[in-house]
Amino acid sequence: MHTSSRRLSHSTLSFAVLLALAGCQSSPVAETSPPQAPEEPAVQLAKEAASQDQLREQESRSLDRVVVSGTRVRQEAMLAPASAPPPAPPAALNFASMTDVAALPQANTENYTDLPPNPVQRASEQPLSTFSIDVDTGSYSNLRRMLSWGQRPPKDAVRVEEMLNYFDYGYAPPTSRAQPFAVHTELAAAPWNSKRLLMRVGLKAYEVPAAELPPANLVFLIDTSGSMQDADKLPLVKLALRELAQNLRPQDRVSIVVYAGSAGLVLPPTSGAEKASILAALDQLEAGGSTNGGEGIALAYQVARQSQREGGINRVILATDGDFNVGTTDPTALETLVGEQRKHGIALSTLGFGQGNYNDAMAEQLADVGDGNHSYIDTPREAIKVLRDEMAGTLLTVAKDVKIQVEFNPVQVAEYRLIGYENRQLKREDFANDAVDAGEIGAGHDVTALYEIALVGSGGEWNAPLKYAASSQPQGHAAELATVRLRYKAAEGGASRLLEQPVTAAAQRAQPSPSMQWAAAVAAYGERLRGGEALGGFGWAQVAQWIDRAALASPHDTDGTRAELRQLVRTAAQLDGEPLAETNDKPLQIAGD
């Protein structure tokens, strides 16, 4: 599916590139500073020489062996003293203020997976709901990008589960790593229909401090094709990976593989203590050429296998707009390659960038198959969030193949529907089949799933019961609304383990918890963006009121994400022709402080 987009103006592009270059001097995004002079001629010549070396070596490079391409920083250039003082970082980009930019070309090739909504099920006819967990958050930040540019997101770009999982709900973690996550359930009235309830299933993974992470073997796989030259692509990639590199330890190893028309090794496995070498290699990257993503992935896995750490973190991190246009471009072939490497203990995570040609479907699916997670990086702040603040969860898996199966009691529950997780559905028999792949959960991650349910006799049913449907009267479990079952494997593999937890009417509070109110508000926002068919007459004004109420119930908005969502709701309403009053919060600063 395609979306309309907007292009950065020439001045904005220049400013964004300066932001990325400024990141070479300090990791945080800093205060405003005047633009600096162009690069010195010596630096330009070093880059040109490196580029020529790359062209010569690409002709003879083969995936049968790992070679260092000419884009690797020359030692003399790395050690040469700077002839001018380093530039000070400019101010953070305020995406919300960029309203006078020119429109992008009409040929928009953004690609999203078709997501038909989950059906409403009668509990007496289909009591089981089975799905794989999802800790991805890419949909939320991608939608933020579109709304900030004045675009109405396409329906299939909206994955409600990724919007829910973007936020921290304060779930209590497990007390022991022997059980990698704790399970939390709660019931509350649905904001859009008081005759129905929302049932929340929340998981909180065991928290591992970054200092206690096992040794890491990371391969940065970076798309340097011509489509990555925009300011919100390769410059932002370099800034994002700098955040991760700054937090590497001496026991960690990092490699850099790039791909355009062909793939090359820019940085062989290097200790995290050699930050200057890692950052200099990132700084030298430039965009140009077509996109042979398949060759790049193959080389990245080869490098990862050669430096694999037993008992450590072995992961390829792919940074791309997903626009693979030469070489292996068939999604099925790429998924097969990634799936085979997963069996060897090497995970794949994806970081999406850019607009206009962003292939969300490709980036998300490769991460799913690769036992990794998918994030979309739209701003420097998001890069810091994903690759610094949430580094443990991004890198360290604490449980694999996590599946959820909810069995509803037809004596108590007339109907139900799962909100989101449309592309994570599993068959009933998949739940106990350890050969069926499912989602992974990283250290400290939250996972939230919401069901909308109608109790028997509530008047909130969507459908009339079938005339010939079989009746069911379970004995001894009349007080239970449902049973939540979870299957998972330990991070090191082995047979799956089973957890069960009943949900009773006692889980419904007279006043829902602040975290439950926020989850309901985020779900309403997502459902409205998907067209609102499930919300009835619950329009943007009601969504905004509920979001405001939920935000006030949780006043400690330490990262500003709740105030941000309040403003995004109003932007979406305006795009739908339903302008609302602005919040009393400060103007939305998408790029952060």
# chains A, B, ... in the order shown; residues from 1 in each chain; ligands from 1
$ select_by_dssp --residues "region 345-427 of chain A" --states "alpha helix (DSSP H)" --output "list in words"
Asp360, Ala361, Met362, Ala363, Glu364, Gln365, Leu366, Ala367, Asp368, Val369, Pro380, Arg381, Glu382, Ala383, Ile384, Met391, Ala392, Gly393, Thr394 and Leu395 of chain A
$ residues_around --residues "Val183 (chain A)" --least-positions-apart "2" --cutoff "12 Å" --atoms "only C-alpha atoms" --output "list in words"
Tyr171, Ala172, Pro173, Pro174, Gln179, Pro180, Phe181, Thr185, Glu186, Arg200, Val201, Gly202, Leu203, Lys204, Ala205, Tyr206, Ile404, Asp446, Val447, Thr448, Ala449, Val484, Arg485, Leu486, Leu499, Glu500, Gln501, Pro502 and Val503 of chain A
$ write_last_selection --atoms "N, CA, C and O atoms" --output "CSV table (one decimal), in the first residue's frame"
chain,number,residue,atom,x,y,z
A,171,TYR,N,4.7,-2.8,34.7
A,171,TYR,CA,4.5,-4.1,35.3
A,171,TYR,C,5.6,-4.5,36.2
A,171,TYR,O,6.8,-4.3,35.9
A,172,ALA,N,5.2,-5.2,37.2
A,172,ALA,CA,6.3,-5.8,38.1
A,172,ALA,C,7.0,-6.9,37.4
A,172,ALA,O,6.4,-7.8,36.9
A,173,PRO,N,8.3,-6.9,37.5
A,173,PRO,CA,9.1,-8.0,36.8
A,173,PRO,C,9.1,-9.2,37.7
A,173,PRO,O,8.8,-9.2,38.9
A,174,PRO,N,9.5,-10.4,37.1
A,174,PRO,CA,9.7,-11.6,37.9
A,174,PRO,C,10.8,-11.4,38.9
A,174,PRO,O,11.8,-10.6,38.7
A,179,GLN,N,12.2,-17.9,36.0
A,179,GLN,CA,11.0,-17.7,35.2
A,179,GLN,C,11.2,-16.4,34.5
A,179,GLN,O,11.2,-15.3,35.1
A,180,PRO,N,11.4,-16.3,33.2
A,180,PRO,CA,11.9,-15.1,32.5
A,180,PRO,C,10.9,-14.0,32.4
A,180,PRO,O,11.3,-12.9,32.1
A,181,PHE,N,9.6,-14.2,32.7
A,181,PHE,CA,8.7,-13.1,32.7
A,181,PHE,C,7.5,-13.3,33.7
A,181,PHE,O,7.2,-14.5,34.1
A,185,THR,N,-2.8,-9.6,34.6
A,185,THR,CA,-4.1,-9.5,33.9
A,185,THR,C,-5.0,-8.5,34.6
A,185,THR,O,-4.9,-8.3,35.9
A,186,GLU,N,-5.9,-7.9,33.9
A,186,GLU,CA,-6.8,-6.9,34.4
A,186,GLU,C,-8.0,-6.7,33.5
A,186,GLU,O,-7.9,-6.9,32.3
A,200,ARG,N,-6.9,-7.4,29.7
A,200,ARG,CA,-5.5,-7.1,29.4
A,200,ARG,C,-4.7,-8.3,29.9
A,200,ARG,O,-4.8,-8.8,31.0
A,201,VAL,N,-3.8,-8.8,29.0
A,201,VAL,CA,-2.8,-9.7,29.4
A,201,VAL,C,-1.4,-9.1,29.2
A,201,VAL,O,-1.1,-8.7,28.1
A,202,GLY,N,-0.7,-8.9,30.3
A,202,GLY,CA,0.6,-8.2,30.3
A,202,GLY,C,1.7,-9.1,30.7
A,202,GLY,O,1.6,-9.8,31.7
A,203,LEU,N,2.8,-9.0,30.0
A,203,LEU,CA,4.0,-9.8,30.4
A,203,LEU,C,5.2,-8.8,30.6
A,203,LEU,O,5.3,-7.8,29.9
A,204,LYS,N,5.9,-9.1,31.7
A,204,LYS,CA,7.1,-8.2,32.0
A,204,LYS,C,8.3,-9.2,32.0
A,204,LYS,O,8.4,-10.1,32.9
A,205,ALA,N,9.3,-8.9,31.2
A,205,ALA,CA,10.5,-9.8,31.1
A,205,ALA,C,11.4,-9.5,32.3
A,205,ALA,O,11.5,-8.3,32.8
A,206,TYR,N,12.2,-10.4,32.6
A,206,TYR,CA,13.3,-10.3,33.6
A,206,TYR,C,14.2,-9.2,33.2
A,206,TYR,O,14.6,-9.1,32.0
A,404,ILE,N,0.9,-17.3,23.2
A,404,ILE,CA,-0.2,-17.1,24.1
A,404,ILE,C,-1.4,-17.8,23.6
A,404,ILE,O,-1.7,-17.7,22.4
A,446,ASP,N,8.2,-5.1,27.9
A,446,ASP,CA,6.8,-5.3,28.2
A,446,ASP,C,6.1,-5.9,27.0
A,446,ASP,O,6.5,-5.6,25.9
A,447,VAL,N,5.1,-6.8,27.2
A,447,VAL,CA,4.3,-7.2,26.1
A,447,VAL,C,2.8,-7.1,26.6
A,447,VAL,O,2.5,-7.5,27.7
A,448,THR,N,2.0,-6.4,25.8
A,448,THR,CA,0.6,-6.2,26.2
A,448,THR,C,-0.3,-6.6,25.1
A,448,THR,O,-0.1,-6.3,23.9
A,449,ALA,N,-1.3,-7.4,25.5
A,449,ALA,CA,-2.4,-7.8,24.6
A,449,ALA,C,-3.7,-7.5,25.2
A,449,ALA,O,-3.9,-7.6,26.4
A,484,VAL,N,-5.5,-18.1,30.8
A,484,VAL,CA,-4.4,-17.7,29.9
A,484,VAL,C,-3.3,-18.7,30.0
A,484,VAL,O,-2.8,-19.0,31.1
A,485,ARG,N,-2.8,-19.3,28.9
A,485,ARG,CA,-1.7,-20.2,28.8
A,485,ARG,C,-0.6,-19.6,28.0
A,485,ARG,O,-0.8,-19.0,27.0
A,486,LEU,N,0.6,-19.8,28.5
A,486,LEU,CA,1.8,-19.3,27.8
A,486,LEU,C,2.8,-20.5,27.7
A,486,LEU,O,3.0,-21.2,28.6
A,499,LEU,N,2.9,-22.2,31.2
A,499,LEU,CA,2.4,-21.5,32.4
A,499,LEU,C,0.9,-21.3,32.2
A,499,LEU,O,0.4,-21.1,31.0
A,500,GLU,N,0.1,-21.4,33.2
A,500,GLU,CA,-1.3,-21.2,33.2
A,500,GLU,C,-1.8,-20.3,34.3
A,500,GLU,O,-1.2,-20.3,35.4
A,501,GLN,N,-2.7,-19.4,33.9
A,501,GLN,CA,-3.2,-18.5,34.9
A,501,GLN,C,-4.7,-18.2,34.6
A,501,GLN,O,-5.0,-17.7,33.5
A,502,PRO,N,-5.6,-18.5,35.5
A,502,PRO,CA,-7.0,-18.2,35.3
A,502,PRO,C,-7.3,-16.7,35.4
A,502,PRO,O,-6.6,-16.0,36.1
A,503,VAL,N,-8.3,-16.2,34.8
A,503,VAL,CA,-8.8,-14.8,34.9
A,503,VAL,C,-10.3,-14.9,35.4
A,503,VAL,O,-11.1,-15.5,34.8
$ atom_distance --atom1 "CA of Leu143 (chain A)" --atom2 "CA of Arg562 (chain A)"
15.0 Å
$ closest_residue --among "A:Gly420, A:Gly170, A:Pro410, A:Gly372" --to "Gly439 (chain A)" --atoms "only C-alpha atoms"
A:Gly372
$ closest_residue --among "A:Ser375, A:Ser271, A:Thr320, A:Thr137" --to "Asp223 (chain A)" --atoms "only C-alpha atoms"
A:Thr320
$ atom_distance --atom1 "CA of Lys489 (chain A)" --atom2 "CA of Asn433 (chain A)"
11.7 Å
$ closest_residue --among "A:Ala231, A:Leu285, A:Leu164, A:Leu187" --to "Gln355 (chain A)" --atoms "only C-alpha atoms"
A:Ala231
$ residues_around --residues "Tyr112 (chain A)" --least-positions-apart "5" --cutoff "10 Å" --atoms "only C-alpha atoms" --output "PyMOL selection string"
chain A and resi 1-3+154-158+358-364
$ select_by_dssp --residues "region 498-562 of chain A" --states "strand (DSSP E)" --output "list in words"
Leu498, Leu499, Glu500, Gln501, Pro502, Val503 and Thr504 of chain A
$ atom_distance --atom1 "CA of Gly356 (chain A)" --atom2 "CA of Glu335 (chain A)"
23.7 Å
$ residues_around --residues "Gln246 (chain A)" --least-positions-apart "6" --cutoff "10 Å" --atoms "only C-alpha atoms" --output "tab-separated table (two decimals) with N, CA, C and O atoms, in the first residue's frame"
chain	number	residue	atom	x	y	z
A	26	SER	N	29.73	13.93	20.02
A	26	SER	CA	29.11	13.61	21.30
A	26	SER	C	27.85	12.83	21.04
A	26	SER	O	27.15	13.06	20.09
A	27	SER	N	27.56	11.93	21.94
A	27	SER	CA	26.42	11.04	21.73
A	27	SER	C	25.09	11.72	21.92
A	27	SER	O	24.19	11.57	21.13
A	272	GLY	N	34.94	-3.49	21.45
A	272	GLY	CA	34.18	-2.31	21.82
A	272	GLY	C	35.03	-1.24	22.48
A	272	GLY	O	34.60	-0.08	22.60
A	273	ALA	N	36.24	-1.60	22.92
A	273	ALA	CA	37.14	-0.61	23.51
A	273	ALA	C	37.70	0.32	22.45
A	273	ALA	O	38.13	1.44	22.77
A	275	LYS	N	36.63	2.43	20.30
A	275	LYS	CA	35.50	3.24	19.84
A	275	LYS	C	35.89	4.20	18.72
A	275	LYS	O	35.11	4.48	17.82
A	276	ALA	N	37.09	4.72	18.78
A	276	ALA	CA	37.51	5.66	17.74
A	276	ALA	C	37.49	5.00	16.37
A	276	ALA	O	37.05	5.60	15.38
A	278	ILE	N	35.66	2.39	15.47
A	278	ILE	CA	34.27	2.08	15.11
A	278	ILE	C	33.56	3.34	14.62
A	278	ILE	O	32.90	3.34	13.56
A	279	LEU	N	33.72	4.42	15.36
A	279	LEU	CA	33.02	5.67	14.99
A	279	LEU	C	33.58	6.24	13.69
A	279	LEU	O	32.83	6.77	12.87
A	387	LEU	N	18.48	2.22	21.03
A	387	LEU	CA	19.84	1.69	21.02
A	387	LEU	C	20.69	2.10	22.21
A	387	LEU	O	21.84	1.64	22.33
A	388	ARG	N	20.15	2.92	23.08
A	388	ARG	CA	20.87	3.22	24.32
A	388	ARG	C	20.02	2.87	25.53
A	388	ARG	O	20.36	2.01	26.33
$ residues_around --residues "Asp557 (chain A)" --least-positions-apart "4" --cutoff "12 Å" --atoms "only C-alpha atoms" --output "list in words"
Phe167, Asp168, Tyr169, Trp518, Ala550, Ala551, Leu552, Ala553, Thr561, Arg562, Ala563, Glu564, Leu565, Arg566 and Asp585 of chain A
